Every structure is written in C-alpha cells, then in structure tokens.
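So the structure is just underneath, and the comments pick up after that.
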Amino acid sequence: MTYGPDPALLQQVVASVVPQVGHVVVFDNGSGGVDVAGLLAGHRRVSVMPSALNVGLGAALNRACERARELGFLHVLMMDQDSVLAEGMVRTLGAALVELQQGGDVAAVGPQFRDARSGELAPFVRFGFPFNRKLRGGPGQRVSCDFLITSGSLVPVESLVRIGPMDEALFIDNIDMDWCFRAKRAGLSLHGICDAQMAHSIGEELLASRVKQDGVIVHKPFRLYFIMRNRVLLYRRGYTPRVWIAQDVPRLVLKFIGNALFLPARWQRLVFMCKGLRDGVVGRTGGLPG
C-alpha cells in the first residue's frame, strides 16, 4: 500500500519483496505528487493499482487482496511502503505456516521487525492486565501472540474468507488490531516467527525518552483523530477482548495527556484528539471529516 511514499525507500522495499513472492500488487492510495507507476515501471512481476482518491488503508488492502485472489494465489503478504524484508523472510514465514497449520487453523504468521530508526527489536504481544506481555523470543522460536501488525504478515486466502476482509470503515489505524480480534474470536491462531526478519518504522517520528528505552512514537496530528476514534469504536465491539480494553483505556488517557501537553502543535493535536473521541462515542466511521 502506498501513499505519498519516499521514492528511494519505495524502490528499496519493492526490490526486497520481488525476489521472494510470485507477484507484487501495489495499491497507490492517491499519492498525487509521486508517480508510483513510473517509479516501478522497470520491475518485473509488479502491477500498480492507482486510485485517484485516498480510499483508506482498509479498502486498499482489500482491493489488493482481491487482485491476488484473481491472479490465483493462495497466500498474500501484506506490506507497508516502508518495510524492507530480510533475504529469505517469506520462505521462512511460509515454512513455519505449513508446520503450524498441522496443529490447527492459523490466521497469519508475521516476522519480527527492528525499528529502522532506533534498531530496537520489536516484541510480539500477548494481552494481559494490568500490562501486556511483550515477548521477543529468540532464534528458532515461534511465538503464539494476540496481535500482528499488517506489514509483513503472511495470510492464507482461506483465512481472509473465513475471518472477513479488513474493516474499511476504520479507514486507517487499528485495522490490523480489529482483524486480529476477529481472527482470535473465530478460533484461529496468530504466530510471530523470530527467524523471519524485517526493518520497519511505526509512526512518523521517534523521540528520545528518559522513561522509555526504545523512545516515544510520534504521529502527525491528523492521525490522532483516527487513533482516538478507532480505539473507542473497538471498545464498543463485542469481539474485542475485555482484557485489552481494560489495559488500553489508561494508555489512551496517557497518550491524550502526552500529546496535549508535551509535544509540538499541542493545540492542533488536542483538537484532533477531541474530535476523534467524540466521533468514536457517536459511532462515526470513514475518512477524516471536513
């Protein structure tokens, strides 16, 4: 999925993916100033689906997955525009998926990624109260988890049919969380594969922090609308784990205070967060209003 990508990084991402898969579908979500199709014209086995408008991440993922099914593929690898795969990552994920499926239904497997800015190894997560369990595992390990980020996840097409597509109404943020909640409720498992590696960045900026060793993830102000709204929307859904809600509400409060008091453009951040909370309460979905 692309949206105003960095041209050089996009070339690097696609170059890391092409040798590992049968075909690459790039859904360009109304990038405007970046000619994604022109940038990737030299790559074989790459097709670009341009959209004149930004239809949201959920819709982009669904349209790309539909194209993969039309091409006859049985598995899809979901990718963000800033995730660079290590050599052999998809092969490692695929081998693990086949073995894990012998023990039960698997919704998806995902790689372990390092933050491209800090170099910190991201953990896999199991929900708990008052805190989640963060598991980094080690070489050769496969971690049963409650959540996988979209980027890098290898998903059997039959899982998408059984669980359903991504929720397009959420537009962006928490889309992967919602799908993972539905997967677990349907009785399918999620697994992090430690030997599968990827470089990835969450958020637009990473600030140093005395409290958090791996830094504080900072999003653009408008993204806070979706982060706040979609969290509240998930709280209201019957399949959302109660334990996740119990430990996420305090996180939402801390995020609200931190953005309103300690980050640049505080007033702008406050306005977007308040609008998001309001729309979450009334059940409004879709893109950014107004």
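To be explicit about the labels: the chains of the structure tokens are called A, B, and onward in the order shown, and within each one the residues are counted from 1, while ligands get numbers from 1 in the order they are shown.
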
- Item | alpha helix (DSSP H) positions in region 67-275 of chain A, given as a PyMOL selection string | chain A and resi 67-70+89-101+157-163+175-185+221-235+242-261+266-275

Which residues are close to region 98-107 of chain A, i.e. within 9 Å by only C-alpha atoms, leaving aside same-chain residues fewer than 6 positions away? Reply as an mmCIF file with N, CA, C and O atoms, in the first residue's frame.
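Saved as part-v9.cif:
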```cif
data_model
loop_
_atom_site.group_PDB
_atom_site.id
_atom_site.type_symbol
_atom_site.label_atom_id
_atom_site.label_comp_id
_atom_site.auth_asym_id
_atom_site.auth_seq_id
_atom_site.Cartn_x
_atom_site.Cartn_y
_atom_site.Cartn_z
ATOM 1 N N LEU A 154 1.974 -12.851 6.612
ATOM 2 C CA LEU A 154 1.642 -13.802 5.560
ATOM 3 C C LEU A 154 0.315 -14.454 5.920
ATOM 4 O O LEU A 154 0.197 -15.091 6.975
ATOM 5 N N VAL A 155 -0.675 -14.277 5.058
ATOM 6 C CA VAL A 155 -2.048 -14.661 5.375
ATOM 7 C C VAL A 155 -2.574 -15.629 4.321
ATOM 8 O O VAL A 155 -2.585 -15.292 3.127
ATOM 9 N N PRO A 156 -3.034 -16.821 4.713
ATOM 10 C CA PRO A 156 -3.718 -17.685 3.753
ATOM 11 C C PRO A 156 -5.010 -17.028 3.264
ATOM 12 O O PRO A 156 -5.748 -16.441 4.056
ATOM 13 N N GLU A 158 -7.668 -18.407 2.486
ATOM 14 C CA GLU A 158 -8.811 -19.031 3.162
ATOM 15 C C GLU A 158 -9.079 -18.392 4.521
ATOM 16 O O GLU A 158 -10.230 -18.361 4.983
ATOM 17 N N SER A 159 -8.049 -17.839 5.161
ATOM 18 C CA SER A 159 -8.255 -17.123 6.423
ATOM 19 C C SER A 159 -9.024 -15.831 6.182
ATOM 20 O O SER A 159 -9.895 -15.456 6.975
ATOM 21 N N LEU A 160 -8.704 -15.136 5.091
ATOM 22 C CA LEU A 160 -9.427 -13.907 4.764
ATOM 23 C C LEU A 160 -10.889 -14.198 4.484
ATOM 24 O O LEU A 160 -11.774 -13.429 4.857
ATOM 25 N N ILE A 163 -12.443 -15.186 8.105
ATOM 26 C CA ILE A 163 -12.496 -14.098 9.091
ATOM 27 C C ILE A 163 -13.205 -12.874 8.528
ATOM 28 O O ILE A 163 -13.874 -12.133 9.243
ATOM 29 N N CYS A 180 -7.262 -8.945 13.848
ATOM 30 C CA CYS A 180 -6.705 -9.952 14.759
ATOM 31 C C CYS A 180 -7.715 -10.333 15.844
ATOM 32 O O CYS A 180 -7.815 -11.501 16.227
ATOM 33 N N ALA A 183 -10.041 -12.693 14.231
ATOM 34 C CA ALA A 183 -9.383 -13.976 13.976
ATOM 35 C C ALA A 183 -9.363 -14.841 15.233
ATOM 36 O O ALA A 183 -9.690 -16.039 15.191
ATOM 37 N N LYS A 184 -8.989 -14.236 16.349
ATOM 38 C CA LYS A 184 -8.933 -14.995 17.603
ATOM 39 C C LYS A 184 -10.328 -15.430 18.036
ATOM 40 O O LYS A 184 -10.518 -16.539 18.551
ATOM 41 N N GLY A 187 -11.409 -18.528 16.471
ATOM 42 C CA GLY A 187 -10.683 -19.726 16.840
ATOM 43 C C GLY A 187 -9.393 -19.967 16.073
ATOM 44 O O GLY A 187 -8.806 -21.051 16.168
ATOM 45 N N LEU A 188 -8.929 -18.974 15.325
ATOM 46 C CA LEU A 188 -7.679 -19.103 14.587
ATOM 47 C C LEU A 188 -6.535 -18.508 15.404
ATOM 48 O O LEU A 188 -6.743 -17.623 16.245
ATOM 49 N N SER A 189 -5.332 -18.976 15.144
ATOM 50 C CA SER A 189 -4.173 -18.537 15.916
ATOM 51 C C SER A 189 -3.305 -17.571 15.108
ATOM 52 O O SER A 189 -3.377 -17.499 13.879
ATOM 53 N N LEU A 190 -2.493 -16.812 15.824
ATOM 54 C CA LEU A 190 -1.526 -15.874 15.251
ATOM 55 C C LEU A 190 -0.153 -16.220 15.814
ATOM 56 O O LEU A 190 -0.034 -16.512 17.002
ATOM 57 N N HIS A 191 0.871 -16.150 14.963
ATOM 58 C CA HIS A 191 2.200 -16.539 15.417
ATOM 59 C C HIS A 191 3.262 -15.584 14.881
ATOM 60 O O HIS A 191 3.257 -15.225 13.693
#
```

- Could you pull the residues within 9 Å of Val25 (chain A), counting only C-alpha atoms, minus those fewer than 3 positions along the same chain, as a list of chain:residue names? A:Met1, A:Arg45, A:Val46, A:Ser47, A:Val48, A:Met49, A:Ala64, A:Cys65, A:Arg67, A:Ala68

- Counting only C-alpha atoms, closest pick from A:Phe262, A:Tyr225, A:Phe256, A:Phe113 relative to Ser83 (chain A) is A:Phe113

- Query: CA of Arg185 (chain A) and CA of Val161 (chain A), how far apart in Å?
  - Reply: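 For CA of Val161 (chain A) relative to CA of Arg185 (chain A), the distance reads 14.7 Å.
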
- Any idea what's packed within 12 Å of region 121-125 of chain A, counting only C-alpha atoms, ignoring anything in its chain fewer than 5 positions away? Could you give it as a PyMOL selection string? chain A and resi 109-116+131-138+141-149+177+180+190-194+197-202+213-214+244

Residues just named, written with C-alpha atoms as a PDB file, in the first residue's frame:
```pdb
ATOM      1  CA  VAL A 109       2.201 -15.529  10.690  1.00  0.00           C
ATOM      2  CA  GLY A 110       4.394 -12.453  10.926  1.00  0.00           C
ATOM      3  CA  PRO A 111       8.074 -11.539  11.109  1.00  0.00           C
ATOM      4  CA  GLN A 112       9.967  -9.923  13.937  1.00  0.00           C
ATOM      5  CA  PHE A 113      10.987  -6.420  12.943  1.00  0.00           C
ATOM      6  CA  ARG A 114      13.565  -3.906  14.028  1.00  0.00           C
ATOM      7  CA  ASP A 115      12.761  -0.232  14.107  1.00  0.00           C
ATOM      8  CA  ALA A 116      14.569   1.250  11.128  1.00  0.00           C
ATOM      9  CA  PHE A 131       0.146  -4.905  31.375  1.00  0.00           C
ATOM     10  CA  ASN A 132       0.606  -6.801  28.139  1.00  0.00           C
ATOM     11  CA  ARG A 133       3.273  -9.474  27.930  1.00  0.00           C
ATOM     12  CA  LYS A 134       5.970  -8.451  25.450  1.00  0.00           C
ATOM     13  CA  LEU A 135       7.846 -11.452  24.093  1.00  0.00           C
ATOM     14  CA  ARG A 136      10.950 -11.065  21.926  1.00  0.00           C
ATOM     15  CA  GLY A 137      11.753 -14.756  21.694  1.00  0.00           C
ATOM     16  CA  GLY A 138      14.994 -15.891  20.111  1.00  0.00           C
ATOM     17  CA  GLN A 141      11.338 -19.651  18.222  1.00  0.00           C
ATOM     18  CA  ARG A 142       7.713 -19.209  17.175  1.00  0.00           C
ATOM     19  CA  VAL A 143       5.646 -17.051  19.493  1.00  0.00           C
ATOM     20  CA  SER A 144       1.913 -17.521  19.862  1.00  0.00           C
ATOM     21  CA  CYS A 145       0.536 -13.976  20.124  1.00  0.00           C
ATOM     22  CA  ASP A 146      -2.673 -11.947  20.139  1.00  0.00           C
ATOM     23  CA  PHE A 147      -1.715  -9.356  17.551  1.00  0.00           C
ATOM     24  CA  LEU A 148       0.391  -8.962  14.414  1.00  0.00           C
ATOM     25  CA  ILE A 149       0.977  -5.715  12.556  1.00  0.00           C
ATOM     26  CA  MET A 177      -5.949  -4.909  15.605  1.00  0.00           C
ATOM     27  CA  CYS A 180      -6.705  -9.952  14.759  1.00  0.00           C
ATOM     28  CA  LEU A 190      -1.526 -15.874  15.251  1.00  0.00           C
ATOM     29  CA  HIS A 191       2.200 -16.539  15.417  1.00  0.00           C
ATOM     30  CA  GLY A 192       5.338 -14.424  15.366  1.00  0.00           C
ATOM     31  CA  ILE A 193       8.285 -16.090  13.635  1.00  0.00           C
ATOM     32  CA  CYS A 194      11.552 -14.925  15.174  1.00  0.00           C
ATOM     33  CA  GLN A 197      13.278 -10.525   9.909  1.00  0.00           C
ATOM     34  CA  MET A 198      12.172  -7.128   8.609  1.00  0.00           C
ATOM     35  CA  ALA A 199      13.049  -3.438   9.060  1.00  0.00           C
ATOM     36  CA  HIS A 200      10.026  -1.241   9.739  1.00  0.00           C
ATOM     37  CA  SER A 201       9.075   2.120  11.262  1.00  0.00           C
ATOM     38  CA  ILE A 202       5.927   2.869  13.283  1.00  0.00           C
ATOM     39  CA  GLN A 213      14.311   2.985  26.397  1.00  0.00           C
ATOM     40  CA  ASP A 214      13.134   2.496  22.808  1.00  0.00           C
ATOM     41  CA  TRP A 244      -7.342  -5.421  26.072  1.00  0.00           C
TER      42      TRP A 244
END
```

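CA of Met228 (chain A) lies 23.5 Å from CA of Leu53 (chain A).
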
Strand (DSSP E or B) call set, DSSP backbone run, region 1-129 of chain A, as a CSV table (one decimal) with N, CA and C atoms, in the first residue's frame:
```csv
chain,number,residue,atom,x,y,z
A,2,THR,N,0.7,2.2,-0.9
A,2,THR,CA,1.5,3.4,-0.9
A,2,THR,C,0.6,4.6,-0.8
A,24,VAL,N,3.8,-8.9,-7.2
A,24,VAL,CA,3.6,-7.8,-6.3
A,24,VAL,C,2.5,-6.9,-6.8
A,25,VAL,N,1.5,-6.7,-6.0
A,25,VAL,CA,0.4,-5.7,-6.3
A,25,VAL,C,0.6,-4.5,-5.5
A,26,VAL,N,0.8,-3.4,-6.1
A,26,VAL,CA,0.9,-2.1,-5.4
A,26,VAL,C,-0.3,-1.3,-5.6
A,27,PHE,N,-1.0,-1.1,-4.5
A,27,PHE,CA,-2.2,-0.2,-4.5
A,27,PHE,C,-1.8,1.2,-4.1
A,28,ASP,N,-1.8,2.1,-5.0
A,28,ASP,CA,-1.4,3.5,-4.7
A,28,ASP,C,-2.6,4.3,-4.3
A,29,ASN,N,-2.6,4.8,-3.1
A,29,ASN,CA,-3.8,5.4,-2.5
A,29,ASN,C,-3.8,6.9,-2.7
A,46,VAL,N,5.4,-6.9,-11.2
A,46,VAL,CA,4.8,-5.8,-10.4
A,46,VAL,C,3.7,-5.1,-11.1
A,47,SER,N,2.5,-5.1,-10.5
A,47,SER,CA,1.4,-4.3,-11.1
A,47,SER,C,0.9,-3.3,-10.1
A,48,VAL,N,0.6,-2.1,-10.7
A,48,VAL,CA,0.2,-1.0,-9.8
A,48,VAL,C,-1.3,-0.7,-10.0
A,49,MET,N,-2.1,-0.6,-8.9
A,49,MET,CA,-3.5,-0.3,-9.0
A,49,MET,C,-3.6,1.2,-8.5
A,50,PRO,N,-3.7,2.1,-9.4
A,50,PRO,CA,-3.8,3.5,-8.9
A,50,PRO,C,-5.2,3.9,-8.5
A,51,SER,N,-5.3,4.7,-7.5
A,51,SER,CA,-6.6,5.3,-7.0
A,51,SER,C,-6.5,6.8,-7.0
A,75,HIS,N,-1.9,-17.4,-0.9
A,75,HIS,CA,-1.4,-16.6,0.2
A,75,HIS,C,-1.1,-15.2,-0.2
A,76,VAL,N,-1.3,-14.3,0.7
A,76,VAL,CA,-0.9,-12.9,0.5
A,76,VAL,C,0.0,-12.4,1.6
A,77,LEU,N,1.0,-11.6,1.1
A,77,LEU,CA,1.9,-11.0,2.1
A,77,LEU,C,1.6,-9.5,2.1
A,84,VAL,N,11.3,-3.1,4.8
A,84,VAL,CA,12.3,-3.7,4.0
A,84,VAL,C,12.5,-5.1,4.5
A,85,LEU,N,12.3,-6.1,3.6
A,85,LEU,CA,12.4,-7.5,4.1
A,85,LEU,C,13.9,-8.0,4.0
A,106,VAL,N,-4.6,-21.5,11.4
A,106,VAL,CA,-3.7,-20.3,11.6
A,106,VAL,C,-4.3,-19.1,10.7
A,107,ALA,N,-4.5,-18.0,11.4
A,107,ALA,CA,-4.9,-16.8,10.7
A,107,ALA,C,-3.8,-16.2,9.9
A,108,ALA,N,-2.6,-16.1,10.5
A,108,ALA,CA,-1.5,-15.4,9.9
A,108,ALA,C,-0.2,-15.7,10.7
A,109,VAL,N,0.9,-15.5,10.0
A,109,VAL,CA,2.2,-15.5,10.7
A,109,VAL,C,2.9,-14.2,10.3
A,110,GLY,N,3.7,-13.7,11.2
A,110,GLY,CA,4.4,-12.5,10.9
A,110,GLY,C,5.8,-12.5,11.4
A,111,PRO,N,6.6,-11.6,10.8
A,111,PRO,CA,8.1,-11.5,11.1
A,111,PRO,C,8.3,-10.7,12.4
A,112,GLN,N,9.5,-10.8,12.9
A,112,GLN,CA,10.0,-9.9,13.9
A,112,GLN,C,10.7,-8.8,13.3
A,113,PHE,N,10.4,-7.5,13.6
A,113,PHE,CA,11.0,-6.4,12.9
A,113,PHE,C,11.8,-5.6,13.9
A,114,ARG,N,12.8,-4.9,13.3
A,114,ARG,CA,13.6,-3.9,14.0
A,114,ARG,C,13.1,-2.5,13.5
A,115,ASP,N,13.1,-1.6,14.5
A,115,ASP,CA,12.8,-0.2,14.1
A,115,ASP,C,13.9,0.3,13.2
A,121,LEU,N,14.6,-4.1,18.6
A,121,LEU,CA,13.8,-5.3,18.2
A,121,LEU,C,12.4,-5.2,18.8
A,124,PHE,N,6.6,-9.4,20.3
A,124,PHE,CA,5.3,-9.9,20.0
A,124,PHE,C,4.5,-9.7,21.3
A,125,VAL,N,3.2,-9.6,21.1
A,125,VAL,CA,2.3,-9.2,22.3
A,125,VAL,C,1.3,-10.2,22.6
A,126,ARG,N,1.2,-10.5,23.9
A,126,ARG,CA,0.0,-11.2,24.4
A,126,ARG,C,-0.7,-10.3,25.4
```

Can I get the residues of region 155-187 of chain A within 9 Å of region 54-57 of chain A, each with the closest pair of atoms and their distance in Å to one decimal, using only C-alpha atoms, sorted chain first then ascending number, as a Markdown table?
```
| residue | atom | partner | partner_atom | distance |
| --- | --- | --- | --- | --- |
| A:Met166 | CA | A:Leu57 | CA | 8.8 |
| A:Glu168 | CA | A:Gly56 | CA | 7.1 |
| A:Ala169 | CA | A:Gly56 | CA | 8.6 |
| A:Leu170 | CA | A:Gly56 | CA | 8.2 |
| A:Phe171 | CA | A:Gly56 | CA | 4.5 |
| A:Ile172 | CA | A:Leu57 | CA | 5.3 |
| A:Asp173 | CA | A:Leu57 | CA | 8.2 |
| A:Ile175 | CA | A:Leu57 | CA | 8.1 |
```

Could you please take those selected residues and save N, CA and C atoms as a short mmCIF file (atom, residue, chain, number, x, y, z; two decimals), in the first residue's frame?
```
data_model
loop_
_atom_site.label_atom_id
_atom_site.label_comp_id
_atom_site.auth_asym_id
_atom_site.auth_seq_id
_atom_site.Cartn_x
_atom_site.Cartn_y
_atom_site.Cartn_z
N MET A 166 -10.58 -6.66 5.76
CA MET A 166 -10.26 -5.57 6.67
C MET A 166 -11.46 -4.62 6.75
N GLU A 168 -13.08 -1.52 6.32
CA GLU A 168 -12.81 -0.29 5.57
C GLU A 168 -13.34 0.93 6.29
N ALA A 169 -14.33 0.77 7.15
CA ALA A 169 -14.93 1.90 7.86
C ALA A 169 -13.94 2.56 8.82
N LEU A 170 -12.94 1.80 9.28
CA LEU A 170 -11.94 2.38 10.20
C LEU A 170 -10.96 3.30 9.46
N PHE A 171 -10.85 3.13 8.16
CA PHE A 171 -10.05 3.96 7.26
C PHE A 171 -8.54 3.74 7.46
N ILE A 172 -8.03 4.06 8.64
CA ILE A 172 -6.61 3.84 8.95
C ILE A 172 -6.50 3.75 10.48
N ASP A 173 -5.48 3.06 10.94
CA ASP A 173 -5.20 2.85 12.37
C ASP A 173 -6.15 1.84 13.00
N ILE A 175 -6.75 -1.07 12.19
CA ILE A 175 -7.36 -2.01 11.26
C ILE A 175 -6.82 -3.41 11.50
#
```

- Item | Proximity to Arg242 (chain A) - best of A:Gly119, A:Gly290, A:Gly128, A:Gly4, only C-alpha atoms | A:Gly128

- Contacts of Val253 (chain A) within 12 Å, only C-alpha atoms, excl. fewer than 4 positions in-chain, as a list in words: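 What passes the distance filter is Met228, Arg231, Val232, Gln247, Asp248, Val249, Ile257, Gly258, Asn259, Ala260, Met273, Cys274 and Leu277 of chain A.
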
- Task: Would you please work out which residue, of A:Val13, A:Ala196, A:Val282, A:Ala95, is nearest to Asp80 (chain A) when using only C-alpha atoms?
- Result: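 Once distances to Asp80 (chain A) are computed over only C-alpha atoms, the minimum belongs to A:Val13.
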
- Of A:Ser153, A:Pro5, A:Val90, A:Val18, the one sitting nearest Asp35 (chain A) when using only C-alpha atoms is A:Pro5

- Task: Would you mind reading off the distance between CA of Val21 (chain A) and CA of Gly152 (chain A), one decimal, in Å?
- Result: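 CA of Val21 (chain A) sits 12.2 Å away from CA of Gly152 (chain A).
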
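Taking only C-alpha atoms into account, Gly72 (chain A) lies nearest to A:Val157 out of the set A:Phe127, A:Val157, A:Val36, A:Gln20.
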